[in-house]
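For reference, my_file22.txt (compact mmCIF, C-alpha atoms):
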# COMPACT_ATOMS: atom_id res chain seq x y z
CA MET G 1 136.68 71.79 125.58
CA TYR G 2 134.51 72.16 128.66
CA PRO G 3 135.23 69.19 131.01
CA HIS G 4 131.67 68.90 132.29
CA ILE G 5 130.16 68.54 128.79
CA SER G 6 129.88 64.98 127.54
CA GLU G 7 131.04 63.90 124.11
CA ASN G 8 127.46 63.11 123.09
CA MET G 9 126.38 66.68 123.82
CA LEU G 10 128.98 67.96 121.37
CA LYS G 11 127.73 65.81 118.49
CA ASN G 12 125.81 68.51 116.71
CA GLY G 13 123.33 68.09 113.95
CA PRO G 14 124.04 70.00 110.73
CA GLU G 15 123.53 73.75 110.73
CA ARG G 16 120.42 74.61 108.78
CA GLU G 17 118.62 77.70 107.52
CA VAL G 18 115.09 77.98 108.89
CA VAL G 19 112.36 80.51 109.48
CA ILE G 20 111.55 81.06 113.15
CA LEU G 21 108.11 82.23 114.21
CA MET G 22 108.07 83.34 117.85
CA THR G 23 104.68 84.01 119.44
CA ASP G 24 103.56 85.46 122.76
CA MET G 25 100.09 86.14 124.15
CA ILE G 26 99.38 89.80 124.91
CA GLN G 27 98.70 90.62 128.59
CA TYR G 28 98.83 86.99 129.66
CA SER G 29 99.87 87.92 133.22
CA LEU G 30 96.88 90.22 133.59
CA ILE G 31 94.47 87.69 132.06
CA SER G 32 95.66 84.85 134.29
CA SER G 33 96.18 86.84 137.50
CA GLY G 34 92.81 85.81 138.99
CA MET G 35 92.88 82.20 137.78
CA THR G 36 93.50 79.08 139.81
CA PRO G 37 96.30 76.72 138.67
CA VAL G 38 93.69 74.39 137.16
CA GLU G 39 92.08 77.28 135.27
CA ILE G 40 95.47 78.44 133.99
CA ARG G 41 96.25 74.90 132.82
CA ASP G 42 92.97 74.59 130.93
CA PHE G 43 93.26 78.10 129.51
CA LEU G 44 96.80 77.53 128.16
CA ILE G 45 96.00 74.08 126.80
CA ASP G 46 93.07 75.54 124.89
CA TYR G 47 95.24 78.44 123.65
CA HIS G 48 98.01 76.16 122.38
CA CYS G 49 95.52 73.78 120.81
CA ARG G 50 94.08 76.68 118.85
CA ILE G 51 97.56 77.69 117.71
CA ASN G 52 98.33 74.11 116.67
CA ASP G 53 95.10 73.93 114.68
CA LEU G 54 96.03 77.12 112.83
CA ILE G 55 99.62 76.08 112.15
CA TYR G 56 99.44 72.37 111.38
CA ARG G 57 98.08 72.46 107.86
CA GLU G 58 99.32 70.38 104.95
CA GLY G 59 100.57 73.43 103.07
CA SER G 60 102.60 74.65 106.05
CA LEU G 61 104.73 71.54 106.68
CA PRO G 62 107.47 70.67 107.51
CA LEU G 63 107.60 72.51 110.81
CA GLU G 64 108.17 72.01 114.50
CA ILE G 65 106.21 73.71 117.25
CA GLU G 66 106.74 73.74 120.97
CA PRO G 67 105.26 75.83 123.77
CA SER G 68 107.74 78.05 125.58
CA ALA G 69 107.36 80.02 128.82
CA GLY G 70 103.71 79.04 129.20
CA ASP G 71 101.96 81.45 126.87
CA GLY G 72 104.63 81.56 124.17
CA SER G 73 105.28 79.26 121.22
CA LEU G 74 108.34 78.57 119.11
CA VAL G 75 107.63 77.47 115.54
CA ILE G 76 110.45 76.40 113.22
CA PHE G 77 109.80 76.09 109.49
CA ASP G 78 112.27 73.82 107.68
CA LYS G 79 112.84 73.80 103.96
CA ARG G 80 111.31 71.06 101.88
CA PRO G 81 113.65 69.06 99.64
CA GLY G 82 114.74 71.35 96.83
CA GLU G 83 112.89 74.34 98.32
CA ASP G 84 114.55 77.75 98.38
CA CYS G 85 114.18 80.62 100.87
CA SER G 86 111.16 81.94 99.03
CA GLY G 87 109.10 78.85 99.73
CA VAL G 88 109.86 78.56 103.45
CA CYS G 89 109.42 82.29 104.06
CA THR G 90 106.08 82.31 102.25
CA ARG G 91 104.79 79.40 104.33
CA ALA G 92 105.77 81.15 107.57
CA VAL G 93 104.09 84.41 106.53
CA GLU G 94 100.93 82.58 105.51
CA VAL G 95 100.75 80.95 108.95
CA ALA G 96 101.26 84.31 110.69
CA LEU G 97 98.50 85.90 108.62
CA ARG G 98 96.19 83.00 109.42
CA MET G 99 96.83 83.61 113.11
CA ALA G 100 96.27 87.36 112.66
CA GLU G 101 92.89 86.64 111.08
CA ALA G 102 91.98 84.38 114.01
CA ILE G 103 92.92 87.15 116.42
CA THR G 104 90.64 89.55 114.57
CA ASP G 105 87.66 87.20 114.55
CA GLY G 106 88.15 86.36 118.23
CA THR G 107 89.05 82.67 117.90
CA LEU G 108 92.61 83.28 119.14
CA ALA G 109 93.66 85.46 122.06
CA PRO G 110 95.62 88.59 121.00
CA THR G 111 99.14 87.41 120.19
CA ARG G 112 102.36 89.02 118.98
CA MET G 113 104.47 87.30 116.31
CA GLY G 114 108.09 87.79 115.26
CA ILE G 115 109.33 86.11 112.04
CA PHE G 116 113.04 85.73 111.28
CA LEU G 117 115.11 83.89 108.68
CA GLY G 118 118.29 82.54 110.24
CA HIS G 119 120.48 79.57 111.06
CA ILE G 120 120.22 77.11 113.93
CA ILE G 121 122.00 73.96 115.04
CA GLU G 122 120.96 71.10 117.32
CA ALA G 123 122.73 68.97 119.89
CA LYS G 124 121.56 66.23 122.20
CA LEU G 125 121.13 67.56 125.72
CA GLY G 126 120.21 64.78 128.09
CA THR G 127 117.33 62.90 126.49
CA ARG G 128 116.25 65.61 124.11
CA MET G 129 117.63 67.56 121.18
CA ALA G 130 118.24 71.18 122.08
CA LYS G 131 118.36 73.97 119.52
CA PHE G 132 120.96 76.74 119.49
CA GLY G 133 121.43 79.95 117.54
CA ALA G 134 121.25 83.73 117.87
CA SER G 135 118.22 83.69 115.54
CA PHE G 136 115.92 82.79 118.43
CA ALA G 137 116.81 85.98 120.30
CA VAL G 138 116.22 88.12 117.21
CA ALA G 139 112.82 86.54 116.55
CA ASN G 140 111.95 87.16 120.18
CA ARG G 141 112.90 90.84 119.87
CA LEU G 142 110.74 91.19 116.76
CA GLU G 143 107.82 89.69 118.68
CA GLU G 144 108.35 92.16 121.53
CA LEU G 145 108.47 95.12 119.12
CA CYS G 146 105.00 94.31 117.80
CA GLY G 147 103.50 96.06 120.82
CA HIS G 148 105.63 99.16 120.29
CA PHE G 149 104.60 99.52 116.64
CA GLY G 150 100.99 98.41 117.07
CA THR G 151 101.13 95.32 114.86
CA HIS G 152 100.26 91.63 115.21
CA LEU G 153 103.40 90.55 113.37
CA LEU G 154 106.81 91.80 112.37
CA MET G 155 109.38 90.25 110.06
CA ASP G 156 112.96 91.00 109.15
CA ARG G 157 113.99 92.26 105.71
CA GLU G 158 115.02 88.81 104.43
CA VAL G 159 111.63 87.25 105.15
CA ALA G 160 109.95 90.29 103.56
CA ARG G 161 112.21 90.03 100.52
CA TYR G 162 111.81 86.30 99.93
CA GLN G 163 108.09 85.82 100.63
CA LYS G 164 105.80 85.66 97.63
CA GLY G 165 102.20 86.73 97.21
CA PHE G 166 102.03 89.68 99.62
CA GLU G 167 104.46 92.13 98.01
CA THR G 168 101.90 94.91 97.52
CA ASN G 169 100.78 94.61 101.16
CA LEU G 170 104.25 94.88 102.71
CA VAL G 171 104.62 97.87 105.03
CA ASN G 172 108.03 99.30 105.91
CA ILE G 173 108.16 99.85 109.67
CA GLY G 174 111.72 101.21 109.77
CA LYS G 175 115.38 100.49 110.38
CA ILE G 176 116.11 99.92 114.05
CA SER G 177 119.01 99.02 116.32
CA LEU G 178 118.53 97.15 119.57
CA THR G 179 121.03 96.96 122.40
CA SER G 180 120.68 93.18 122.45
CA VAL G 181 121.08 92.59 118.69
CA LEU G 182 124.45 93.08 117.00
CA HIS G 183 123.27 94.38 113.63
CA PRO G 184 120.52 96.89 112.76
CA MET G 185 117.33 95.45 111.28
CA ASN G 186 114.94 96.64 108.61
CA ILE G 187 111.56 95.43 109.78
CA PHE G 188 108.29 95.01 107.91
CA THR G 189 104.71 93.92 108.44
CA ILE G 190 101.69 93.25 106.23
CA TYR G 191 98.46 95.25 106.12
CA ARG G 192 95.37 93.55 104.73
CA PRO G 193 91.64 94.13 105.18
CA GLY G 194 90.50 92.58 108.44
CA ILE G 195 93.87 92.44 110.20
CA GLN G 196 96.44 94.83 111.63
CA ASN G 197 93.78 97.34 112.71
CA CYS G 198 92.45 97.54 109.16
CA PRO G 199 88.64 97.12 109.08
CA ALA G 200 87.41 94.12 107.10
CA GLU G 201 85.29 96.40 104.93
CA VAL G 202 88.14 98.78 104.11
CA ASP G 203 88.51 99.72 100.45
CA GLU G 204 91.46 97.60 99.35
CA ALA G 205 92.56 100.00 96.63
CA LYS G 206 92.70 102.83 99.16
CA LEU G 207 94.57 100.64 101.61
CA LEU G 208 97.18 99.91 98.96
CA LYS G 209 97.47 103.65 98.31
CA PHE G 210 98.11 104.20 102.02
CA ILE G 211 100.79 101.49 102.01
CA GLN G 212 102.45 103.19 99.05
CA MET G 213 102.33 106.57 100.85
CA LYS G 214 103.84 105.18 104.03
CA ASN G 215 106.54 103.16 102.27
CA GLU G 216 107.61 106.18 100.24
CA ALA G 217 107.95 108.21 103.44
CA MET G 218 109.87 105.44 105.20
CA GLU G 219 112.32 105.18 102.31
CA HIS G 220 113.34 108.75 103.10
CA PHE G 221 113.37 108.04 106.83
CA SER G 222 115.76 105.09 106.82
CA GLY G 223 117.61 106.19 103.69
CA ASN G 224 118.98 103.91 101.01
CA LEU G 225 122.74 103.99 100.58
CA LEU G 226 122.63 101.97 97.36
CA LEU G 227 120.21 104.42 95.74
CA GLY G 228 121.88 107.49 97.25
CA VAL G 229 118.77 108.36 99.29
CA LYS G 230 119.71 110.16 102.51
CA PRO G 231 117.40 110.50 105.53
CA ASP G 232 115.31 113.67 105.21
CA PHE G 233 113.29 114.20 108.38
CA PRO G 234 111.38 117.34 107.26
CA MET G 235 110.18 115.52 104.15
CA VAL G 236 109.42 112.35 106.14
CA ARG G 237 107.33 114.26 108.68
CA GLU G 238 105.30 115.95 105.95
CA LYS G 239 104.68 112.70 104.10
CA LEU G 240 103.86 110.73 107.26
CA LEU G 241 101.39 113.34 108.45
CA ALA G 242 99.64 113.09 105.09
CA ALA G 243 99.67 109.28 105.28
CA GLN G 244 98.36 109.38 108.86
CA LYS G 245 95.49 111.65 107.86
CA TYR G 246 94.65 109.34 104.97
CA PHE G 247 94.74 106.22 107.16
CA THR G 248 92.63 107.84 109.90
CA GLU G 249 89.94 108.70 107.35
CA LEU G 250 90.20 105.18 105.94
CA ALA G 251 90.30 103.10 109.13
CA GLY G 252 88.82 105.40 111.77
CA ARG G 253 92.00 105.24 113.89
CA GLU G 254 95.61 106.35 113.73
CA ASP G 255 98.40 104.11 112.51
CA VAL G 256 100.56 103.39 115.57
CA GLY G 257 103.67 102.70 113.49
CA ILE G 258 103.49 106.17 111.93
CA GLU G 259 102.99 107.78 115.33
CA ARG G 260 106.13 106.05 116.63
CA ILE G 261 108.21 107.49 113.80
CA LEU G 262 106.70 110.95 114.31
CA GLU G 263 107.51 110.70 118.03
CA TYR G 264 111.10 109.81 117.17
CA ILE G 265 111.40 112.80 114.84
CA ARG G 266 109.85 115.10 117.47
CA GLU G 267 112.47 113.98 119.98
CA THR G 268 115.35 113.72 117.48
CA PRO G 269 114.80 116.31 114.73
CA PHE G 270 118.22 115.66 113.13
CA PRO G 271 119.47 112.16 112.25
CA ALA G 272 122.36 111.04 114.46
CA SER G 273 125.77 110.80 112.78
CA ASP G 274 125.42 107.02 112.49
CA PHE G 275 121.73 107.01 111.58
CA ASP G 276 122.44 105.88 107.99
CA GLN G 277 123.97 102.69 109.37
CA ARG G 278 122.12 102.16 112.66
CA GLY G 279 118.67 103.66 112.18
CA MET G 280 116.46 104.21 115.24
CA LYS G 281 118.09 103.13 118.48
CA LEU G 282 115.49 101.45 120.64
CA LEU G 283 115.57 100.01 124.14
CA GLU G 284 118.05 102.72 125.06
CA LYS G 285 117.51 105.45 127.65
CA LYS G 286 115.05 107.83 126.07
CA ARG G 287 116.02 111.40 125.45
CA ASP G 288 114.49 113.79 127.97
CA SER G 289 111.05 115.02 127.02
CA LEU G 290 110.67 118.53 125.66
CA GLY G 291 109.26 119.57 129.04
CA GLU G 292 112.33 118.28 130.87
CA ARG G 293 114.64 119.98 128.41
CA LEU G 294 112.77 123.24 128.80
CA PHE G 295 113.12 122.88 132.57
CA HIS G 296 116.85 122.26 132.40
CA LEU G 297 117.90 124.47 129.52
CA SER G 298 115.79 127.61 129.57
CA LYS G 299 116.63 130.30 132.13
CA GLU G 300 113.39 132.04 131.22
CA LEU G 301 111.34 129.04 132.30
CA LEU G 302 113.43 128.57 135.40
CA ARG G 303 112.62 132.13 136.46
CA ALA G 304 108.94 131.53 135.82
CA MET G 305 108.88 128.16 137.54
CA ASN G 306 106.62 127.24 140.43
CA SER G 307 105.03 123.95 141.49
CA ASP G 308 102.02 124.35 139.17
CA PHE G 309 104.25 125.20 136.24
CA TYR G 310 106.56 122.30 137.01
CA HIS G 311 103.63 119.89 136.94
CA VAL G 312 102.43 121.20 133.59
CA LEU G 313 105.87 121.32 131.98
CA VAL G 314 107.45 118.16 133.31
CA VAL G 315 104.79 115.81 134.66
CA ASP G 316 101.74 116.31 132.43
CA THR G 317 103.30 117.09 129.07
CA ASN G 318 100.26 116.81 126.78
CA TRP G 319 100.88 120.42 125.79
CA GLU G 320 104.00 119.31 123.89
CA ARG G 321 101.91 118.15 120.94
CA TYR G 322 100.95 121.77 120.24
CA PHE G 323 104.59 122.63 119.47
CA LYS G 324 105.11 121.82 115.79
CA LEU G 325 108.54 121.11 114.37
CA GLU G 326 110.03 123.53 111.84
CA TRP G 327 113.41 123.32 110.14
CA CYS G 328 115.19 126.51 108.99
CA ASN G 329 118.29 126.87 106.86
CA LYS G 330 121.14 129.20 107.69
CA GLY G 331 120.14 132.78 106.80
CA ASP G 332 116.38 132.18 106.86
CA THR G 333 114.24 134.86 108.50
CA ILE G 334 112.26 133.33 111.33
CA ILE G 335 110.56 136.51 112.58
CA GLN G 336 110.20 139.81 110.74
CA ILE G 337 110.06 143.01 112.80
CA ASP G 338 106.67 144.81 112.90
CA SER G 339 104.82 141.73 111.63
CA VAL G 340 101.72 140.36 113.36
CA PRO G 341 102.72 137.55 115.75
CA ASP G 342 101.79 134.09 114.53
CA GLY G 343 103.36 131.96 117.25
CA ILE G 344 106.00 131.49 119.93
CA TYR G 345 109.20 129.56 119.33
CA TYR G 346 111.47 127.22 121.21
CA LEU G 347 114.96 126.89 119.69
CA ASP G 348 115.63 123.16 119.82
CA SER G 349 119.03 123.19 118.12
CA GLY G 350 121.24 125.63 116.26
CA THR G 351 121.78 129.37 116.75
CA ALA G 352 119.72 132.42 115.80
CA GLU G 353 120.38 136.18 115.91
CA VAL G 354 118.11 139.06 116.90
CA PHE G 355 118.26 142.40 115.01
CA ASN G 356 116.57 145.79 115.48
CA SER G 357 115.01 147.91 112.74
CA ASN G 358 118.44 149.31 111.83
CA GLY G 359 119.86 145.85 111.28
CA GLU G 360 121.99 146.04 114.41
CA LEU G 361 122.67 142.78 116.25
CA LEU G 362 120.92 142.79 119.61
CA SER G 363 121.58 139.27 120.87
CA THR G 364 122.36 135.70 119.91
CA LEU G 365 119.94 132.93 120.77
CA GLU G 366 121.25 129.48 121.65
CA ALA G 367 119.48 126.11 121.88
CA GLY G 368 117.01 126.06 124.77
CA THR G 369 115.81 129.64 124.27
CA ILE G 370 112.18 130.72 123.95
CA PHE G 371 111.50 133.75 121.76
CA GLY G 372 108.65 135.54 120.04
CA GLU G 373 106.54 135.84 123.18
CA MET G 374 106.97 139.61 123.77
CA ALA G 375 104.67 140.59 120.90
CA TYR G 376 101.74 138.98 122.72
CA PHE G 377 102.13 141.03 125.88
CA GLY G 378 102.96 144.49 124.52
CA ARG G 379 100.58 147.26 123.57
CA GLU G 380 101.07 147.14 119.82
CA LYS G 381 100.85 143.34 119.46
CA LYS G 382 103.59 143.41 116.81
CA ARG G 383 107.02 141.86 116.52
CA THR G 384 109.62 144.02 118.23
CA ALA G 385 112.68 142.59 116.46
CA SER G 386 113.75 140.39 113.57
CA VAL G 387 115.20 136.93 114.14
CA ARG G 388 117.36 135.13 111.58
CA ALA G 389 118.88 131.68 111.64
CA LYS G 390 122.65 131.97 112.12
CA THR G 391 123.00 128.23 111.48
CA ASP G 392 120.69 125.50 110.30
CA THR G 393 118.14 125.29 113.10
CA VAL G 394 115.32 123.17 114.42
CA LEU G 395 112.42 125.06 115.99
CA ARG G 396 109.30 124.07 117.87
CA LYS G 397 106.52 126.57 117.30
CA ILE G 398 103.19 126.93 119.04
CA SER G 399 100.67 128.86 116.96
CA THR G 400 98.58 131.72 118.30
CA GLU G 401 95.45 129.59 118.09
CA ASP G 402 96.97 126.72 120.10
CA PHE G 403 98.74 129.06 122.50
CA GLU G 404 95.40 130.57 123.50
CA LYS G 405 94.07 127.10 124.43
CA LEU G 406 96.62 126.70 127.25
CA PRO G 407 96.02 129.10 130.15
CA VAL G 408 98.99 127.91 132.23
CA ILE G 409 101.35 128.19 129.27
CA ILE G 410 100.06 131.72 128.69
CA LYS G 411 100.98 132.61 132.27
CA ILE G 412 104.45 131.15 131.84
CA PHE G 413 105.12 133.03 128.61
CA LYS G 414 103.80 136.22 130.15
CA ARG G 415 106.33 135.92 132.95
CA ILE G 416 109.04 135.20 130.42
CA ALA G 417 108.06 138.32 128.48
CA MET G 418 108.09 140.43 131.65
CA ALA G 419 111.49 139.08 132.64
CA ARG G 420 112.90 139.73 129.18
CA ARG G 421 111.48 143.26 129.14
CA GLN G 422 113.14 143.92 132.51
CA GLU G 423 116.44 142.61 131.15
CA ILE G 424 116.19 145.09 128.26
CA VAL G 425 115.44 147.94 130.65
CA ASP G 426 118.38 146.98 132.87
CA ARG G 427 120.68 146.68 129.87
CA GLU G 428 119.72 150.12 128.57
CA SER G 429 119.84 151.84 131.97
CA PRO G 430 122.95 153.58 133.38
CA ALA G 431 125.55 151.45 135.14
CA THR G 432 123.82 152.05 138.50
CA GLY G 433 120.92 149.99 137.18
CA ARG G 434 118.43 152.71 138.16
Encoded form using C-alpha cells:
Amino acid sequence: MYPHISENMLKNGPEREVVILMTDMIQYSLISSGMTPVEIRDFLIDYHCRINDLIYREGSLPLEIEPSAGDGSLVIFDKRPGEDCSGVCTRAVEVALRMAEAITDGTLAPTRMGIFLGHIIEAKLGTRMAKFGASFAVANRLEELCGHFGTHLLMDREVARYQKGFETNLVNIGKISLTSVLHPMNIFTIYRPGIQNCPAEVDEAKLLKFIQMKNEAMEHFSGNLLLGVKPDFPMVREKLLAAQKYFTELAGREDVGIERILEYIRETPFPASDFDQRGMKLLEKKRDSLGERLFHLSKELLRAMNSDFYHVLVVDTNWERYFKLEWCNKGDTIIQIDSVPDGIYYLDSGTAEVFNSNGELLSTLEAGTIFGEMAYFGREKKRTASVRAKTDTVLRKISTEDFEKLPVIIKIFKRIAMARRQEIVDRESPATGR
C-alpha cells in the first residue's frame, strides 16, 4: 500500500475488454509553428469537432472520446450488452475507415490511427475517473508505426481477426517487436479504393489481387509455426517485388509497406535466430548501411578510399539500390572461369573459394570481400578464376549495366582491381618481392 494514495483512489472499477483507437495529427508541430495561440486554439477545436462528427454516430456507440496532447484523441469502444469481440472490433474499424475517407477527401487533416483490443481499468483520481492499462501504450505505438509503413491506420491481429465485413481487404503488414512492448505483434491494415494511397477509381478486383499477392508473400516473411511455414527471405523478396510492380502499375506509386520489408531484407538477408518468435525488431539501433559496412570491412575499399569515395560510399548511399541480393547454397558456382563478366559481387555473409583452371584453390573469400571486378579491367574482359560458395552465402551483385552508370564506383573498383593484381604479382614473385 502506498501511504500517499487515498482509499478512494484504490476503489477501481471492473476490468473490461475494450477496443482503443488512438489518433494523432500528422505534422501538427510544423502546421502550427507559425500560428498564434488563438489560431492554434481555433484550429484544434475545429479538428476535434470534425473527429467527433465522424465518430459519434448511432452505429458506433457506446464509446468515449477525449482529446489528448492537443492534436491527439483517445477513443474507447465498449461492448454493448451481449456483444462479443467481433461487434466491438467491427465498430472501431468502421470508424477508422470513415476517418480515412475524410482524410482522403480533405475534410480531416492527415491523421494516424492505431487500433488495439485490450483490457483497461478505471479508478477515481481527484474529481475524475482515470483509466489505466498497458493497452494504451500499445495503441499509441501502432499509431506511431503508421508513418513508418505508409498507412492511415494499423490494427493488431486480434482486431483484424474479430472484425467482420473487411476480411478480403485486410493487408498483412508484418510481425514486429518493439523495445517498449513486451510481446511481438502481428499488425494489419485495410486497403480499399479511395484510401490508403489507393486511387478512388482503382479496379477493385485488381486491388484484391494485389492484397492476395502481398499477403501470400508476408506469410512466408513472418512464418507460421502452426502451419509449419518457415521464413523464406529469397522467396519473400521475389514475391514482394512482383507485388510492388503490380501495385505501382495499379496505383501509380509504390507501396510503402512493401518497401519497408524489402529494406529489412536488404539489411538483414538471413532471419535472426529468434525471428520466428520476434519478427522484425523496430526502434532498435539500425544495422550499419551497406556503405558503412563496406568502409569498415573491406580492405580493398579502404585502400581505394579518399574523401570523394567516402562521401559516395558512406554519406550519399543511393548507389546501394543497384546492388541486388542473391542467395547461394553451399557448393554453388558463383563465377565460372573464362566466362563473360556479368557483374561485380560483394560477399555479405558466408565464405567462398577461388579456383584456377586446374581446380587448385587460390584463396578463400570471407564476408566483406568484393570480387569479380578484375575481369572488367583486364585485356581479355573474361573471368580469370572460378568462385564457388564454400558455405551458404548472401551476395550483393551489381550488374554490368548498372555498374557502368556509376563513374565513381567504376574508379573505386578499378583501384581494387589494380591492388588485387599487384597482390597476385607480389605473391608470385621471389621472396625479395622484386
Step by step: start from the point (112.4, 108.0, 105.8) in the file's coordinates, keep every protein, DNA or RNA residue that has an atom no farther than 12 Å from it, count all atoms listed in the file, and write the set as an NGL selection string.
:G and (172-175 or 186 or 213-224 or 229-240 or 258 or 261-262 or 264-265 or 271 or 275-276 or 279-280)
For the atom pair CA of Ile40 in chain G and CA of Met129 in chain G, what is the interatomic distance in Å to one decimal place?
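Taking CA of Ile40 in chain G as the start and CA of Met129 in chain G as the end point, the length is 27.8 Å.
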Residue neighbourhood Val18 in chain G, 9 Å, only C-alpha atoms, exclusion window fewer than 5 positions, as a PyMOL selection string
chain G and resi 76-79+85+88-89+116-120
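Straight-line separation from CA of Glu17 in chain G to CA of Asp156 in chain G: 14.5 Å.
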Shell of 9 Å around Val202 in chain G, all atoms listed in the file, local chain residues under 5 positions omitted, as a ChimeraX atom specification:
/G:192-194,207,250-251
Record the distance separating CA of Cys146 in chain G and CA of Met113 in chain G, expressed in Å with one decimal.
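Distance between the two atoms: 7.2 Å.
Among the candidates G:Phe413, G:Tyr346, G:Phe323, G:Phe247, the residue lying nearest to Ser399 in chain G is G:Phe323 (atoms considered: all atoms listed in the file).
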Selected residue of minimal separation from Ser357 in chain G among G:Met25, G:Leu227, G:Val387, G:Ala419, counting only C-alpha atoms:
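Of the candidates, the smallest distance to Ser357 in chain G is held by G:Val387.
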Give the centre and edge lengths of an axis-aligned box, in Å to one decimal, that holds all listed atoms of range 14-21 of chain G with 5 Å on each side, as lines of an AutoDock Vina configuration file.
center_x = 116.1
center_y = 76.1
center_z = 110.9
size_x = 25.9
size_y = 22.2
size_z = 16.7
Could you give me, as a ChimeraX atom specification, the residues that sit within 10 Å of (123.0, 134.7, 116.6) in the file's coordinates, counting only C-alpha atoms?
/G:350-355,361-366,387-391
For those residues, write C-alpha atoms to a file as a compact mmCIF listing (two decimals), keeping the file's coordinate frame.
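The resulting file, selection07.txt, is reproduced below:
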# COMPACT_ATOMS: atom_id res chain seq x y z
CA GLY G 350 121.24 125.63 116.26
CA THR G 351 121.78 129.37 116.75
CA ALA G 352 119.72 132.42 115.80
CA GLU G 353 120.38 136.18 115.91
CA VAL G 354 118.11 139.06 116.90
CA PHE G 355 118.26 142.40 115.01
CA LEU G 361 122.67 142.78 116.25
CA LEU G 362 120.92 142.79 119.61
CA SER G 363 121.58 139.27 120.87
CA THR G 364 122.36 135.70 119.91
CA LEU G 365 119.94 132.93 120.77
CA GLU G 366 121.25 129.48 121.65
CA VAL G 387 115.20 136.93 114.14
CA ARG G 388 117.36 135.13 111.58
CA ALA G 389 118.88 131.68 111.64
CA LYS G 390 122.65 131.97 112.12
CA THR G 391 123.00 128.23 111.48
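Minimum atom-to-atom distance to Pro110 in chain G, evaluated using all atoms listed in the file, belongs to G:His152 out of G:Lys411, G:Arg80, G:His152, G:Lys330.
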Choose the residue, out of G:Ile20, G:Ala123, G:Cys198, G:Ala102, that has the smallest atom-to-atom separation from Val138 in chain G; count only C-alpha atoms.
G:Ile20
Write out as a VMD selection string each polymer residue whose atoms come within 9 Å of Ile195 in chain G, counting only C-alpha atoms; drop sequence neighbours fewer than 6 positions from it.
chain G and resid 97 100 to 101 103 to 104 152
Got a sec: who's within 7 Å of Ile344 in chain G, counting all atoms listed in the file, leaving out chain neighbours fewer than 2 positions off, as a list in words?
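With the cut-off at 7 Å, the set is Phe371, Gly372, Glu373, Lys397, Ile398 and Ser399 of chain G.
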Find the residue from G:Thr23, G:Thr369, G:Thr90, G:Thr333 that sits nearest to Glu66 in chain G; use all atoms listed in the file when measuring.
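Checking each of G:Thr23, G:Thr369, G:Thr90, G:Thr333 against Glu66 in chain G, counting all atoms listed in the file, the winner is G:Thr23.
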